[in-house]
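Student: Please see the structure below; I have some questions.
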Amino acid sequence: MAQVRKYLIAGNWKMNKTASDGADLIKGIIQEVGEQTEVGVAVCPPFTGLETAAEILEGVNNISLGAQNMHPEPEGAYTGEISAAMLRTLYVSFVILGHSERREYFGESDAFINQKVLAALESNLKPILCVGETLEQREDGHTLSVVSRQVNEGLKDVPKDKADQVVIAYEPIWAIGTGKTATPEMAQEVHGEIRSILVQLFGEATAKKIRILYGGSMKPANADELLAMKDIDGGLIGGASLDAKSFGKLVSSALAASRATA
C-alpha cells in the first residue's frame, strides 16, 4: 500500500530548556536526523527559545520550527500572550493548540481552541490540534465521544481548501508522562475514528492527506509498533524529545515505517 501522508515527528519541549540549552539540543538533533527528508521533523521549544532556534535552523531544510501555543487575536491587551504574526516573524511553521495541559491548567475550551486553529490557518501556520480523553473518561467508555467532540468543535469552520494544513495529535491524557501507553490497537481504534470524522467534515480525498499523530508517551521502545498502524502518521513527542539520541531514534522508526509502506 503506497503511503499517502508524510510521517511527522514533532518534539514538544513543554516548559523545559533555556535558549542556550535548547540550542545545544537542536544541534544534537540536526546531527541525529542527518540529511533525510522522507520524514517531517519539527521542534517546539518554549517561546523564549524560538529566536535562537530559528537562527540555528536557518538553512536546515528538513527540520521545521514549531511553537507551543498562541493567542487567536492578532494584537491587543493580552498580557503574556503571543500572536500568530509574532510567530511568523521567527519562521515558525507549526503551532501546538489545545494540548491537554492547556485545557486542564488554563481552562481552554473547544470554542477558544477553535478560534486559535482558524487564526493559525489564516496566518499560514500549521496547527497541531491536540485531542484526547482522561483515564476516567476511558474507563467510562466515553473515549470516542470525547475525541469526536474535540475534533468536530476544534475544526469548526475550517475551510476545506486549508484542512490538509491541519495536523491532529491524539494524546490519551492518562498516557502523557506516565510511562503508560495505549496499545497500538487501542491507539489505532481512536485514530481510525478521527479519520472517519475527517472524511465526514472534508471528504475522503482531503481526509487522507491529514496527518494524525500519536501523543501519549511514544518512545524508541514502542515507536515501531505504533507507527506500523494504518492511521498513525507520526508522533507528538514529550519526554523523548528532550534527548537528541532518543528523538533521532523516533525519526529512524518513522523512516523505517515510511519505507515499509512505500
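Ordering of the C-alpha cells sets the chain letters (A, B, ...), residue numbers begin anew at 1 in every chain, and ligands are numbered from 1 in the order given.
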Quick one: residues within 10 Å of stretch 156-170 of chain A, only C-alpha atoms, excluding same-chain residues fewer than 4 positions away - as a VMD selection string?

Tutor: chain A and resid 8 94 to 99 110 to 111 114 to 115 117 to 118 120 to 122 124 to 133 147 150 to 152 187 190 to 191 194 to 195 198 201 to 203 205 to 216 232 to 236

Student: Name all residues at most 12 Å from A:Ala54 (count only C-alpha atoms; drop same-chain ones fewer than 3 positions away) and give them as a ChimeraX atom specification.

Tutor: /A:19,22-23,26-27,42-45,47-51,57-61,63-67,87-93

Student: Got time to write the residues from that selection, C-alpha atoms, as a short mmCIF file (atom, residue, chain, number, x, y, z; two decimals), in the first residue's frame?

Tutor:
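Output saved as part11.cif:
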```
data_model
loop_
_atom_site.label_atom_id
_atom_site.label_comp_id
_atom_site.auth_asym_id
_atom_site.auth_seq_id
_atom_site.Cartn_x
_atom_site.Cartn_y
_atom_site.Cartn_z
CA ALA A 19 17.53 29.24 24.99
CA GLY A 22 17.81 24.39 23.58
CA ALA A 23 20.49 25.46 21.13
CA ILE A 26 18.84 21.35 18.36
CA LYS A 27 22.45 20.97 17.24
CA ALA A 42 9.66 19.62 13.97
CA VAL A 43 10.95 21.01 17.27
CA CYS A 44 8.72 23.12 19.53
CA PRO A 45 10.76 24.99 22.16
CA PHE A 47 8.68 30.97 23.38
CA THR A 48 11.99 32.19 24.88
CA GLY A 49 13.92 29.69 22.77
CA LEU A 50 12.25 30.30 19.41
CA GLU A 51 14.53 33.07 18.15
CA LEU A 57 17.73 26.12 11.83
CA GLU A 58 18.32 28.74 9.14
CA GLY A 59 19.40 26.80 6.07
CA VAL A 60 18.36 23.45 7.64
CA ASN A 61 15.64 22.35 5.25
CA ILE A 63 13.66 20.36 10.43
CA SER A 64 10.76 22.77 11.00
CA LEU A 65 10.20 25.08 13.94
CA GLY A 66 7.02 24.94 15.99
CA ALA A 67 5.55 26.91 18.89
CA LEU A 87 5.47 33.53 15.46
CA ARG A 88 5.64 34.07 11.72
CA THR A 89 8.44 36.65 12.10
CA LEU A 90 10.52 33.86 13.68
CA TYR A 91 9.86 31.48 10.76
CA VAL A 92 7.64 29.22 12.86
CA SER A 93 5.77 26.65 10.73
#
```

Student: Could you list, as a compact mmCIF listing (two decimals) with N, CA and C atoms, in the first residue's frame, every residue within 12 Å of A:Glu225, counting only C-alpha atoms and ignoring same-chain residues fewer than 5 positions away?

Tutor:
```txt
# COMPACT_ATOMS: atom_id res chain seq x y z
N THR A 181 1.22 3.59 27.94
CA THR A 181 0.96 3.86 26.53
C THR A 181 -0.27 3.07 26.11
N ALA A 182 -1.09 3.67 25.27
CA ALA A 182 -2.17 2.89 24.67
C ALA A 182 -1.52 1.80 23.83
N THR A 183 -2.11 0.61 23.80
CA THR A 183 -1.58 -0.41 22.90
C THR A 183 -1.74 0.11 21.48
N PRO A 184 -0.93 -0.39 20.53
CA PRO A 184 -1.09 0.05 19.15
C PRO A 184 -2.53 -0.09 18.66
N GLU A 185 -3.19 -1.18 19.08
CA GLU A 185 -4.58 -1.42 18.64
C GLU A 185 -5.54 -0.38 19.24
N MET A 186 -5.33 -0.03 20.52
CA MET A 186 -6.16 0.99 21.16
C MET A 186 -5.97 2.34 20.46
N ALA A 187 -4.72 2.66 20.18
CA ALA A 187 -4.43 3.93 19.52
C ALA A 187 -5.04 3.95 18.12
N GLN A 188 -4.88 2.85 17.39
CA GLN A 188 -5.40 2.79 16.02
C GLN A 188 -6.92 2.93 16.00
N TYR A 214 0.33 10.30 17.16
CA TYR A 214 0.06 9.75 18.48
C TYR A 214 0.90 10.51 19.50
N MET A 218 5.11 8.18 23.38
CA MET A 218 5.82 7.43 22.34
C MET A 218 7.31 7.56 22.62
N LYS A 219 8.00 6.42 22.57
CA LYS A 219 9.44 6.42 22.81
C LYS A 219 10.08 5.33 21.95
N PRO A 220 11.42 5.29 21.88
CA PRO A 220 12.06 4.31 20.99
C PRO A 220 11.58 2.87 21.19
N LYS A 230 -2.15 1.69 10.63
CA LYS A 230 -2.60 2.32 9.39
C LYS A 230 -2.80 3.83 9.49
N ILE A 232 -1.72 5.94 12.08
CA ILE A 232 -0.78 6.67 12.94
C ILE A 232 0.33 7.20 12.05
N GLY A 234 2.79 9.46 12.77
CA GLY A 234 3.92 10.07 13.44
C GLY A 234 3.62 10.26 14.91
N LEU A 250 13.39 7.98 17.14
CA LEU A 250 11.98 8.04 16.72
C LEU A 250 11.87 8.43 15.24
N SER A 253 12.65 5.34 13.34
CA SER A 253 11.50 4.43 13.32
C SER A 253 10.48 4.86 12.26
N ALA A 254 10.23 6.18 12.20
CA ALA A 254 9.28 6.70 11.21
C ALA A 254 9.82 6.49 9.79
N ALA A 256 11.77 4.03 8.84
CA ALA A 256 11.58 2.60 8.53
C ALA A 256 10.12 2.32 8.17
N ALA A 257 9.20 2.92 8.93
CA ALA A 257 7.76 2.72 8.66
C ALA A 257 7.39 3.30 7.30
```

Student: Which one is closest to A:Glu73: A:Thr134, A:Ser123, A:Thr37, A:Gln31? Count only C-alpha atoms.

Tutor: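 Answer, going by the shortest atom-to-atom distance: A:Ser123.
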
Student: Just the strand (DSSP E) stuff from stretch 8-192 of chain A, please, per backbone DSSP, written as a count of residues only.

Tutor: 28

Student: Can you tell me how far atom CA of A:Ala260 sits from atom CA of A:Asp224, in Å to one decimal?

Tutor: 11.1 Å

Student: Identify which of the residues A:Ile29, A:Arg103, A:Gly76, A:Val39 lies closest to A:Ala53, counting only C-alpha atoms when measuring atom-to-atom distances.

Tutor: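 Looking only at the distances to A:Ala53, the closest residue turns out to be A:Ile29.
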